[in-house]
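Visitor: Sharing model-v3.pdb here; it has PDB, C-alpha atoms.
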ATOM      1  CA  MET A  11      -6.279  -2.296 -58.840
ATOM      2  CA  LYS A  12      -7.262  -2.847 -55.177
ATOM      3  CA  THR A  13      -5.451   0.389 -54.320
ATOM      4  CA  CYS A  14      -7.381   2.250 -57.031
ATOM      5  CA  MET A  15     -10.689   0.901 -55.737
ATOM      6  CA  ALA A  16      -9.861   1.997 -52.186
ATOM      7  CA  ALA A  17      -8.926   5.498 -53.334
ATOM      8  CA  LEU A  18     -12.095   5.858 -55.363
ATOM      9  CA  ALA A  19     -14.243   4.624 -52.479
ATOM     10  CA  ALA A  20     -12.655   7.188 -50.151
ATOM     11  CA  LEU A  21     -13.622   9.958 -52.551
ATOM     12  CA  ALA A  22     -17.144   8.670 -53.063
ATOM     13  CA  VAL A  23     -18.107   8.706 -49.383
ATOM     14  CA  ALA A  24     -18.101  12.490 -49.448
ATOM     15  CA  THR A  25     -20.909  12.493 -52.042
ATOM     16  CA  PRO A  26     -24.520  11.503 -51.270
ATOM     17  CA  LEU A  27     -25.239   7.983 -52.446
ATOM     18  CA  ALA A  28     -28.304   9.119 -54.360
ATOM     19  CA  ALA A  29     -26.127  11.311 -56.581
ATOM     20  CA  GLN A  30     -24.004   8.392 -57.838
ATOM     21  CA  THR A  31     -25.215   7.617 -61.331
ATOM     22  CA  SER A  32     -22.528   5.483 -62.974
ATOM     23  CA  PHE A  33     -19.210   3.702 -62.630
ATOM     24  CA  GLY A  34     -16.737   3.007 -65.381
ATOM     25  CA  VAL A  35     -13.271   2.038 -66.491
ATOM     26  CA  ARG A  36     -10.759   4.032 -68.510
ATOM     27  CA  GLY A  37      -7.663   3.085 -70.480
ATOM     28  CA  GLY A  38      -5.356   4.996 -72.748
ATOM     29  CA  MET A  39      -1.992   6.690 -73.091
ATOM     30  CA  THR A  40      -0.073   9.549 -71.548
ATOM     31  CA  TYR A  41       2.178  11.966 -73.396
ATOM     32  CA  SER A  42       4.188  13.674 -70.687
ATOM     33  CA  THR A  43       7.250  15.736 -69.929
ATOM     34  CA  LEU A  44       9.000  17.573 -67.105
ATOM     35  CA  VAL A  45       9.137  21.362 -67.037
ATOM     36  CA  ALA A  46      12.013  23.115 -65.271
ATOM     37  CA  SER A  47      11.772  26.741 -64.219
ATOM     38  CA  PRO A  48      14.010  28.467 -65.068
ATOM     39  CA  ASP A  49      15.037  26.471 -68.153
ATOM     40  CA  GLU A  50      18.180  24.373 -67.836
ATOM     41  CA  PRO A  51      20.665  25.652 -70.449
ATOM     42  CA  GLY A  52      22.119  22.978 -72.688
ATOM     43  CA  VAL A  53      19.447  20.394 -71.835
ATOM     44  CA  ASP A  54      16.845  19.335 -74.393
ATOM     45  CA  VAL A  55      13.665  17.931 -72.858
ATOM     46  CA  SER A  56      11.354  15.679 -74.902
ATOM     47  CA  TYR A  57       8.045  13.934 -74.253
ATOM     48  CA  LEU A  58       7.590  10.302 -73.225
ATOM     49  CA  THR A  59       4.587   8.081 -73.890
ATOM     50  CA  GLY A  60       3.132   5.807 -71.217
ATOM     51  CA  ILE A  61      -0.038   4.025 -70.175
ATOM     52  CA  HIS A  62      -3.083   5.170 -68.220
ATOM     53  CA  LEU A  63      -5.457   2.693 -66.530
ATOM     54  CA  GLY A  64      -8.165   3.684 -64.112
ATOM     55  CA  ILE A  65     -11.702   3.647 -62.775
ATOM     56  CA  VAL A  66     -14.226   6.479 -62.440
ATOM     57  CA  ALA A  67     -17.471   7.360 -60.707
ATOM     58  CA  SER A  68     -19.796   9.908 -62.325
ATOM     59  CA  MET A  69     -22.328  11.825 -60.240
ATOM     60  CA  GLY A  70     -25.182  13.800 -61.733
ATOM     61  CA  SER A  71     -27.130  13.208 -64.925
ATOM     62  CA  GLY A  72     -28.519  15.603 -67.484
ATOM     63  CA  GLY A  73     -26.662  18.594 -66.057
ATOM     64  CA  PRO A  74     -23.497  19.692 -64.250
ATOM     65  CA  GLY A  75     -21.993  16.914 -62.136
ATOM     66  CA  LEU A  76     -18.910  15.448 -60.538
ATOM     67  CA  LEU A  77     -16.406  12.976 -61.988
ATOM     68  CA  LEU A  78     -14.145  11.094 -59.541
ATOM     69  CA  SER A  79     -11.154   9.235 -60.929
ATOM     70  CA  ALA A  80      -8.415   6.926 -59.630
ATOM     71  CA  ALA A  81      -5.797   5.778 -62.141
ATOM     72  CA  TYR A  82      -2.339   4.343 -62.652
ATOM     73  CA  ALA A  83      -0.513   6.874 -64.836
ATOM     74  CA  GLN A  84       3.010   6.782 -66.242
ATOM     75  CA  ARG A  85       4.917  10.040 -66.635
ATOM     76  CA  GLY A  86       8.460  11.284 -67.134
ATOM     77  CA  ALA A  87      10.673  12.835 -69.785
ATOM     78  CA  LEU A  88      13.643  12.240 -72.061
ATOM     79  CA  LEU A  89      16.602  14.524 -71.350
ATOM     80  CA  ALA A  90      19.474  14.999 -73.806
ATOM     81  CA  SER A  91      22.652  17.024 -73.345
ATOM     82  CA  ASP A  92      26.157  17.081 -74.794
ATOM     83  CA  ASP A  93      27.540  18.574 -71.570
ATOM     84  CA  PHE A  94      28.069  15.037 -70.204
ATOM     85  CA  GLY A  95      29.455  13.573 -73.423
ATOM     86  CA  GLN A  96      28.235  13.307 -76.980
ATOM     87  CA  GLY A  97      24.975  11.378 -77.294
ATOM     88  CA  PHE A  98      24.202  11.477 -73.566
ATOM     89  CA  GLU A  99      20.528  10.880 -72.713
ATOM     90  CA  ALA A 100      18.616  10.317 -69.497
ATOM     91  CA  THR A 101      15.115   8.827 -69.453
ATOM     92  CA  VAL A 102      13.159   9.613 -66.288
ATOM     93  CA  ASP A 103      10.340   7.094 -65.775
ATOM     94  CA  LEU A 104       7.726   7.940 -63.136
ATOM     95  CA  ALA A 105       4.392   6.307 -62.319
ATOM     96  CA  TYR A 106       1.670   7.604 -60.003
ATOM     97  CA  LEU A 107      -1.626   6.620 -58.499
ATOM     98  CA  ASP A 108      -3.602   9.677 -59.604
ATOM     99  CA  VAL A 109      -6.766  10.610 -57.730
ATOM    100  CA  GLY A 110      -8.842  13.432 -59.188
ATOM    101  CA  ALA A 111     -12.127  15.230 -58.535
ATOM    102  CA  PHE A 112     -13.457  17.036 -61.597
ATOM    103  CA  GLY A 113     -16.418  19.305 -62.086
ATOM    104  CA  ARG A 114     -18.215  18.332 -65.281
ATOM    105  CA  ILE A 115     -20.341  20.589 -67.489
ATOM    106  CA  PRO A 116     -22.284  19.024 -70.378
ATOM    107  CA  ILE A 117     -22.435  20.700 -73.772
ATOM    108  CA  GLY A 118     -25.516  19.339 -75.455
ATOM    109  CA  SER A 119     -26.390  15.658 -75.216
ATOM    110  CA  GLY A 120     -22.950  14.089 -75.752
ATOM    111  CA  PRO A 121     -19.873  16.296 -75.290
ATOM    112  CA  TYR A 122     -18.787  17.767 -71.963
ATOM    113  CA  LEU A 123     -15.978  19.736 -70.330
ATOM    114  CA  PHE A 124     -14.356  18.811 -67.018
ATOM    115  CA  ALA A 125     -11.630  20.244 -64.781
ATOM    116  CA  GLY A 126     -10.365  19.940 -61.225
ATOM    117  CA  PRO A 127      -7.476  19.119 -58.859
ATOM    118  CA  THR A 128      -5.444  15.917 -58.894
ATOM    119  CA  LEU A 129      -3.300  14.288 -56.220
ATOM    120  CA  GLY A 130      -0.603  11.790 -57.172
ATOM    121  CA  LEU A 131       1.076   9.127 -55.034
ATOM    122  CA  ARG A 132       4.311   7.992 -56.647
ATOM    123  CA  LEU A 133       4.417   4.249 -57.218
ATOM    124  CA  GLU A 134       7.483   3.776 -59.437
ATOM    125  CA  CYS A 135      10.585   5.778 -60.296
ATOM    126  CA  SER A 136      13.754   5.044 -62.254
ATOM    127  CA  THR A 137      16.252   6.787 -64.507
ATOM    128  CA  THR A 138      18.016   5.197 -67.471
ATOM    129  CA  TYR A 139      21.269   6.788 -68.620
ATOM    130  CA  THR A 140      22.514   6.244 -72.166
ATOM    131  CA  ALA A 141      25.968   7.247 -73.443
ATOM    132  CA  GLU A 142      28.124   5.791 -76.207
ATOM    133  CA  GLY A 143      25.779   2.839 -76.652
ATOM    134  CA  VAL A 144      25.780   1.842 -72.964
ATOM    135  CA  ASN A 145      22.541   1.841 -70.920
ATOM    136  CA  VAL A 146      22.473   1.992 -67.125
ATOM    137  CA  SER A 147      19.158   1.963 -65.227
ATOM    138  CA  VAL A 148      18.988   3.168 -61.611
ATOM    139  CA  ASP A 149      15.952   3.001 -59.312
ATOM    140  CA  CYS A 150      15.205   6.175 -57.385
ATOM    141  CA  GLY A 151      16.347   5.891 -53.795
ATOM    142  CA  GLY A 152      18.558   2.903 -54.517
ATOM    143  CA  ALA A 153      21.540   1.900 -52.412
ATOM    144  CA  GLU A 154      23.934   4.104 -54.368
ATOM    145  CA  GLU A 155      21.971   7.374 -54.422
ATOM    146  CA  ALA A 156      19.362   9.345 -52.500
ATOM    147  CA  ASP A 157      15.825   9.537 -53.835
ATOM    148  CA  PRO A 158      15.653  12.841 -55.755
ATOM    149  CA  TYR A 159      11.867  12.997 -56.121
ATOM    150  CA  ARG A 160       8.994  13.632 -53.733
ATOM    151  CA  ALA A 161       6.523  10.863 -52.957
ATOM    152  CA  PHE A 162       3.528  13.081 -53.808
ATOM    153  CA  ASP A 163       2.474  15.324 -56.653
ATOM    154  CA  PHE A 164      -0.318  17.871 -56.908
ATOM    155  CA  GLY A 165      -1.771  19.678 -59.879
ATOM    156  CA  VAL A 166      -4.831  20.562 -61.901
ATOM    157  CA  SER A 167      -6.198  18.899 -65.018
ATOM    158  CA  GLY A 168      -8.882  19.757 -67.507
ATOM    159  CA  GLY A 169     -10.203  18.649 -70.823
ATOM    160  CA  ALA A 170     -13.153  17.477 -72.856
ATOM    161  CA  GLY A 171     -15.037  14.245 -73.366
ATOM    162  CA  MET A 172     -17.678  12.670 -75.545
ATOM    163  CA  SER A 173     -20.147   9.983 -74.488
ATOM    164  CA  PHE A 174     -22.484   7.941 -76.642
ATOM    165  CA  GLY A 175     -24.497   4.773 -76.232
ATOM    166  CA  VAL A 176     -23.372   1.504 -77.833
ATOM    167  CA  GLY A 177     -25.196  -1.764 -77.102
ATOM    168  CA  GLY A 178     -26.656  -0.516 -73.853
ATOM    169  CA  LEU A 179     -23.308   0.795 -72.545
ATOM    170  CA  GLY A 180     -22.068   4.354 -72.301
ATOM    171  CA  VAL A 181     -18.884   4.567 -74.389
ATOM    172  CA  VAL A 182     -16.645   7.501 -73.445
ATOM    173  CA  VAL A 183     -13.647   9.162 -75.099
ATOM    174  CA  GLU A 184     -11.752  11.808 -73.110
ATOM    175  CA  ALA A 185      -8.695  14.031 -73.513
ATOM    176  CA  LEU A 186      -7.258  16.022 -70.622
ATOM    177  CA  TYR A 187      -4.148  18.084 -70.015
ATOM    178  CA  GLY A 188      -2.470  18.174 -66.609
ATOM    179  CA  PHE A 189      -0.416  20.982 -65.074
ATOM    180  CA  GLY A 190       1.752  20.021 -62.116
ATOM    181  CA  ILE A 191       1.896  22.645 -59.352
ATOM    182  CA  LEU A 192       4.115  20.939 -56.774
ATOM    183  CA  ASP A 193       7.880  20.840 -57.293
ATOM    184  CA  ILE A 194       8.551  17.104 -57.582
ATOM    185  CA  VAL A 195      12.288  17.409 -56.805
ATOM    186  CA  ASP A 196      12.900  16.845 -53.103
ATOM    187  CA  ASP A 197      15.505  19.576 -52.593
ATOM    188  CA  ASP A 198      14.361  22.722 -50.807
ATOM    189  CA  SER A 199      17.750  24.370 -51.369
ATOM    190  CA  ALA A 200      17.480  24.196 -55.161
ATOM    191  CA  GLU A 201      16.750  27.470 -56.952
ATOM    192  CA  ASP A 202      14.796  25.873 -59.787
ATOM    193  CA  THR A 203      11.595  23.829 -59.773
ATOM    194  CA  VAL A 204      10.557  20.780 -61.800
ATOM    195  CA  THR A 205       6.902  19.947 -62.430
ATOM    196  CA  ASN A 206       4.975  17.272 -64.303
ATOM    197  CA  ARG A 207       2.994  18.215 -67.366
ATOM    198  CA  GLY A 208       1.285  16.252 -70.081
ATOM    199  CA  LEU A 209      -1.648  15.039 -72.099
ATOM    200  CA  THR A 210      -3.820  11.985 -71.405
ATOM    201  CA  ILE A 211      -6.041  10.415 -74.041
ATOM    202  CA  ARG A 212      -8.319   7.682 -72.765
ATOM    203  CA  ALA A 213     -11.464   5.745 -73.615
ATOM    204  CA  GLY A 214     -13.759   3.426 -71.694
ATOM    205  CA  VAL A 215     -17.264   2.432 -70.778
ATOM    206  CA  ASP A 216     -19.704   3.535 -68.077
ATOM    207  CA  VAL A 217     -22.484   1.439 -66.584
ATOM    208  CA  GLY A 218     -25.433   2.447 -64.433
ATOM    209  CA  ARG A 219     -26.516   5.560 -66.293
TER     210      ARG A 219
END
Please render this file's structure as structure tokens.

Guide:
Amino acid sequence: MKTCMAALAALAVATPLAAQTSFGVRGGMTYSTLVASPDEPGVDVSYLTGIHLGIVASMGSGGPGLLLSAAYAQRGALLASDDFGQGFEATVDLAYLDVGAFGRIPIGSGPYLFAGPTLGLRLECSTTYTAEGVNVSVDCGGAEEADPYRAFDFGVSGGAGMSFGVGGLGVVVEALYGFGILDIVDDDSAEDTVTNRGLTIRAGVDVGR
């Protein structure tokens, strides 16, 4: 959480203090996958669920504004293929410190749209292999293998939210979809690219409006 606070503070200094109208917390779930281009033949890719925990600062009231966000977000994918034996699966678990800056446009008094760039610093990474009832988990960059993934990610996210007052607090529900732009596989010689992609559903409260 200290890391999240530091990241959010670094973003906020670029905005005039007078424009800061509220701070808040967010929590929810991620529904993510990895997208390879071109598609890997014989490999089925499924979504994974994870957690999302973060803090936000909202600038501007009553009109277009800015939403800054710093969050711990889990991502990854479930890969299945019979090319390595019947029932073979690989679960890629990734976690990032996501920092985003979103332009926000209100629609009426409660709902709003927001979109903008996100930068991710990878915090955790592991892969669990399953075959014939045996599970083996390997940390990325462990002693027995090189780290296959980059330390950073970059993309764009956008979605919609709804805010309403409850007991003097601003309760918020948001849904956003993220498109990874940066190839997260650290291999410049590879012909294909792999990017993060997924949905985040989160709720929280804002204070200071």

Visitor: Let me know the residues the PyMOL selection byres ((chain A and resi 99) around 12) catches in the file above, as a VMD selection string.

Guide: chain A and resid 53 to 56 87 to 98 100 to 102 137 to 147

Visitor: Quick check on the file I pasted: which residues fall under the PyMOL selection byres ((chain A and resi 42-46) around 12)? Write them as an NGL selection string.

Guide: :A and (39-41 or 47-51 or 53-62 or 83-89 or 101-105 or 186-195 or 200-211)

Visitor: Kindly resolve the PyMOL selection byres ((chain A and resi 117) around 12) on the present coordinates and return the residues as number ranges by chain.

Guide: A: 72-74, 114-116, 118-124, 170-173

Visitor: Counting all atoms listed in the file, select every polymer residue within 8 Å of (6.0, 2.8, -59.3) as defined in the file's coordinates, and provide the selection as a VMD selection string.

Guide: chain A and resid 104 to 106 132 to 135

Visitor: Could you please take those selected residues and save C-alpha atoms as an mmCIF file, in the coordinates of the input?

Guide:
data_model
loop_
_atom_site.group_PDB
_atom_site.id
_atom_site.type_symbol
_atom_site.label_atom_id
_atom_site.label_comp_id
_atom_site.auth_asym_id
_atom_site.auth_seq_id
_atom_site.Cartn_x
_atom_site.Cartn_y
_atom_site.Cartn_z
ATOM 1 C CA LEU A 104 7.726 7.940 -63.136
ATOM 2 C CA ALA A 105 4.392 6.307 -62.319
ATOM 3 C CA TYR A 106 1.670 7.604 -60.003
ATOM 4 C CA ARG A 132 4.311 7.992 -56.647
ATOM 5 C CA LEU A 133 4.417 4.249 -57.218
ATOM 6 C CA GLU A 134 7.483 3.776 -59.437
ATOM 7 C CA CYS A 135 10.585 5.778 -60.296
#

Visitor: Take atom CA of Cys150 of chain A and atom CA of Ala111 of chain A and report the distance between them in Å, one decimal.

Guide: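 Interatomic distance, atom CA of Cys150 of chain A to atom CA of Ala111 of chain A: 28.8 Å.
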
Visitor: Write out as JSON, numbers by chain which residues come within 12 Å of Gly34 of chain A when counting all atoms listed in the file, dropping same-chain ones fewer than 2 positions away.

Guide: {"A": [15, 18, 30, 31, 32, 36, 37, 63, 64, 65, 66, 67, 68, 69, 77, 78, 79, 80, 81, 173, 179, 180, 181, 182, 183, 213, 214, 215, 216, 217, 218, 219]}

Visitor: Could you please take those selected residues and save C-alpha atoms as a PDB file, in the coordinates of the input?

Guide:
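File written: result.pdb
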ATOM      1  CA  MET A  15     -10.689   0.901 -55.737  1.00  0.00           C
ATOM      2  CA  LEU A  18     -12.095   5.858 -55.363  1.00  0.00           C
ATOM      3  CA  GLN A  30     -24.004   8.392 -57.838  1.00  0.00           C
ATOM      4  CA  THR A  31     -25.215   7.617 -61.331  1.00  0.00           C
ATOM      5  CA  SER A  32     -22.528   5.483 -62.974  1.00  0.00           C
ATOM      6  CA  ARG A  36     -10.759   4.032 -68.510  1.00  0.00           C
ATOM      7  CA  GLY A  37      -7.663   3.085 -70.480  1.00  0.00           C
ATOM      8  CA  LEU A  63      -5.457   2.693 -66.530  1.00  0.00           C
ATOM      9  CA  GLY A  64      -8.165   3.684 -64.112  1.00  0.00           C
ATOM     10  CA  ILE A  65     -11.702   3.647 -62.775  1.00  0.00           C
ATOM     11  CA  VAL A  66     -14.226   6.479 -62.440  1.00  0.00           C
ATOM     12  CA  ALA A  67     -17.471   7.360 -60.707  1.00  0.00           C
ATOM     13  CA  SER A  68     -19.796   9.908 -62.325  1.00  0.00           C
ATOM     14  CA  MET A  69     -22.328  11.825 -60.240  1.00  0.00           C
ATOM     15  CA  LEU A  77     -16.406  12.976 -61.988  1.00  0.00           C
ATOM     16  CA  LEU A  78     -14.145  11.094 -59.541  1.00  0.00           C
ATOM     17  CA  SER A  79     -11.154   9.235 -60.929  1.00  0.00           C
ATOM     18  CA  ALA A  80      -8.415   6.926 -59.630  1.00  0.00           C
ATOM     19  CA  ALA A  81      -5.797   5.778 -62.141  1.00  0.00           C
ATOM     20  CA  SER A 173     -20.147   9.983 -74.488  1.00  0.00           C
ATOM     21  CA  LEU A 179     -23.308   0.795 -72.545  1.00  0.00           C
ATOM     22  CA  GLY A 180     -22.068   4.354 -72.301  1.00  0.00           C
ATOM     23  CA  VAL A 181     -18.884   4.567 -74.389  1.00  0.00           C
ATOM     24  CA  VAL A 182     -16.645   7.501 -73.445  1.00  0.00           C
ATOM     25  CA  VAL A 183     -13.647   9.162 -75.099  1.00  0.00           C
ATOM     26  CA  ALA A 213     -11.464   5.745 -73.615  1.00  0.00           C
ATOM     27  CA  GLY A 214     -13.759   3.426 -71.694  1.00  0.00           C
ATOM     28  CA  VAL A 215     -17.264   2.432 -70.778  1.00  0.00           C
ATOM     29  CA  ASP A 216     -19.704   3.535 -68.077  1.00  0.00           C
ATOM     30  CA  VAL A 217     -22.484   1.439 -66.584  1.00  0.00           C
ATOM     31  CA  GLY A 218     -25.433   2.447 -64.433  1.00  0.00           C
ATOM     32  CA  ARG A 219     -26.516   5.560 -66.293  1.00  0.00           C
TER      33      ARG A 219
END

Visitor: Return as JSON the box centre and box size in Å, one decimal, for an axis-aligned box around all listed atoms of segment 86-100 of chain A padded by 6 Å per side.

Guide:
{"center_x": 19.0, "center_y": 14.4, "center_z": -72.2, "size_x": 33.0, "size_y": 20.3, "size_z": 22.2}

Visitor: For Arg160 of chain A, which residue out of A:Gly130, A:Gly113, A:Gly52, A:Gly175 is the nearest one, using all atoms listed in the file?

Guide: A:Gly130

Visitor: Do you have the atom CA of Ala185 of chain A-atom CA of Gly168 of chain A distance handy?

Guide: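 Straight-line distance from atom CA of Ala185 of chain A to atom CA of Gly168 of chain A works out to 8.3 Å.
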
Visitor: Closest to Asp157 of chain A among A:Phe112, A:Asp197, A:Gly169, A:Leu131, using only C-alpha atoms?

Guide: A:Asp197

Visitor: Which is closest to Gly126 of chain A among A:Phe162, A:Asp108, A:Ser167, A:Asp149, if we use only C-alpha atoms?

Guide: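 The answer is A:Ser167, which sits nearest to Gly126 of chain A.
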
Visitor: As an mmCIF file, keeping the file's coordinate frame, could you write out segment 47-69 of chain A once it has been completed with N, CA, C and O atoms?

Guide:
data_model
loop_
_atom_site.group_PDB
_atom_site.id
_atom_site.type_symbol
_atom_site.label_atom_id
_atom_site.label_comp_id
_atom_site.auth_asym_id
_atom_site.auth_seq_id
_atom_site.Cartn_x
_atom_site.Cartn_y
_atom_site.Cartn_z
ATOM 1 N N SER A 47 11.847 25.292 -64.239
ATOM 2 C CA SER A 47 11.772 26.741 -64.219
ATOM 3 C C SER A 47 12.795 27.288 -63.221
ATOM 4 O O SER A 47 12.726 26.974 -62.031
ATOM 5 N N PRO A 48 13.783 28.063 -63.681
ATOM 6 C CA PRO A 48 14.010 28.467 -65.068
ATOM 7 C C PRO A 48 14.538 27.299 -65.919
ATOM 8 O O PRO A 48 14.905 26.257 -65.386
ATOM 9 N N ASP A 49 14.554 27.504 -67.246
ATOM 10 C CA ASP A 49 15.037 26.471 -68.153
ATOM 11 C C ASP A 49 16.490 26.128 -67.867
ATOM 12 O O ASP A 49 17.299 27.002 -67.525
ATOM 13 N N GLU A 50 16.801 24.821 -67.997
ATOM 14 C CA GLU A 50 18.180 24.373 -67.836
ATOM 15 C C GLU A 50 18.923 24.580 -69.155
ATOM 16 O O GLU A 50 18.576 23.961 -70.162
ATOM 17 N N PRO A 51 19.937 25.437 -69.196
ATOM 18 C CA PRO A 51 20.665 25.652 -70.449
ATOM 19 C C PRO A 51 21.419 24.392 -70.874
ATOM 20 O O PRO A 51 21.992 23.682 -70.049
ATOM 21 N N GLY A 52 21.383 24.118 -72.159
ATOM 22 C CA GLY A 52 22.119 22.978 -72.688
ATOM 23 C C GLY A 52 21.423 21.649 -72.534
ATOM 24 O O GLY A 52 21.989 20.613 -72.879
ATOM 25 N N VAL A 53 20.189 21.632 -72.032
ATOM 26 C CA VAL A 53 19.447 20.394 -71.835
ATOM 27 C C VAL A 53 18.178 20.437 -72.694
ATOM 28 O O VAL A 53 17.361 21.351 -72.559
ATOM 29 N N ASP A 54 18.045 19.460 -73.575
ATOM 30 C CA ASP A 54 16.845 19.335 -74.393
ATOM 31 C C ASP A 54 15.895 18.341 -73.727
ATOM 32 O O ASP A 54 16.283 17.218 -73.411
ATOM 33 N N VAL A 55 14.658 18.754 -73.539
ATOM 34 C CA VAL A 55 13.665 17.931 -72.858
ATOM 35 C C VAL A 55 12.591 17.515 -73.860
ATOM 36 O O VAL A 55 12.001 18.367 -74.531
ATOM 37 N N SER A 56 12.351 16.204 -73.974
ATOM 38 C CA SER A 56 11.354 15.679 -74.902
ATOM 39 C C SER A 56 10.263 14.927 -74.137
ATOM 40 O O SER A 56 10.417 14.607 -72.961
ATOM 41 N N TYR A 57 9.181 14.641 -74.845
ATOM 42 C CA TYR A 57 8.045 13.934 -74.253
ATOM 43 C C TYR A 57 8.263 12.426 -74.264
ATOM 44 O O TYR A 57 8.970 11.891 -75.121
ATOM 45 N N LEU A 58 7.634 11.759 -73.293
ATOM 46 C CA LEU A 58 7.590 10.302 -73.225
ATOM 47 C C LEU A 58 6.138 9.843 -73.308
ATOM 48 O O LEU A 58 5.233 10.530 -72.832
ATOM 49 N N THR A 59 5.918 8.676 -73.892
ATOM 50 C CA THR A 59 4.587 8.081 -73.890
ATOM 51 C C THR A 59 4.519 7.004 -72.813
ATOM 52 O O THR A 59 5.519 6.380 -72.476
ATOM 53 N N GLY A 60 3.343 6.815 -72.251
ATOM 54 C CA GLY A 60 3.132 5.807 -71.217
ATOM 55 C C GLY A 60 1.699 5.327 -71.247
ATOM 56 O O GLY A 60 0.928 5.650 -72.161
ATOM 57 N N ILE A 61 1.313 4.571 -70.229
ATOM 58 C CA ILE A 61 -0.038 4.025 -70.175
ATOM 59 C C ILE A 61 -0.837 4.675 -69.046
ATOM 60 O O ILE A 61 -0.273 5.186 -68.069
ATOM 61 N N HIS A 62 -2.154 4.634 -69.202
ATOM 62 C CA HIS A 62 -3.083 5.170 -68.220
ATOM 63 C C HIS A 62 -4.203 4.153 -68.055
ATOM 64 O O HIS A 62 -4.883 3.801 -69.035
ATOM 65 N N LEU A 63 -4.412 3.667 -66.827
ATOM 66 C CA LEU A 63 -5.457 2.693 -66.530
ATOM 67 C C LEU A 63 -6.165 3.118 -65.257
ATOM 68 O O LEU A 63 -5.510 3.340 -64.227
ATOM 69 N N GLY A 64 -7.488 3.220 -65.303
ATOM 70 C CA GLY A 64 -8.165 3.684 -64.112
ATOM 71 C C GLY A 64 -9.640 3.348 -64.067
ATOM 72 O O GLY A 64 -10.186 2.698 -64.958
ATOM 73 N N ILE A 65 -10.273 3.811 -62.993
ATOM 74 C CA ILE A 65 -11.702 3.647 -62.775
ATOM 75 C C ILE A 65 -12.286 5.009 -62.422
ATOM 76 O O ILE A 65 -11.579 5.890 -61.906
ATOM 77 N N VAL A 66 -13.582 5.192 -62.694
ATOM 78 C CA VAL A 66 -14.226 6.479 -62.440
ATOM 79 C C VAL A 66 -15.600 6.254 -61.825
ATOM 80 O O VAL A 66 -16.202 5.187 -61.962
ATOM 81 N N ALA A 67 -16.088 7.296 -61.173
ATOM 82 C CA ALA A 67 -17.471 7.360 -60.707
ATOM 83 C C ALA A 67 -18.025 8.706 -61.127
ATOM 84 O O ALA A 67 -17.411 9.748 -60.866
ATOM 85 N N SER A 68 -19.173 8.685 -61.822
ATOM 86 C CA SER A 68 -19.796 9.908 -62.325
ATOM 87 C C SER A 68 -21.062 10.200 -61.530
ATOM 88 O O SER A 68 -21.932 9.334 -61.399
ATOM 89 N N MET A 69 -21.172 11.399 -60.999
ATOM 90 C CA MET A 69 -22.328 11.825 -60.240
ATOM 91 C C MET A 69 -23.065 12.927 -60.988
ATOM 92 O O MET A 69 -22.441 13.873 -61.462
#
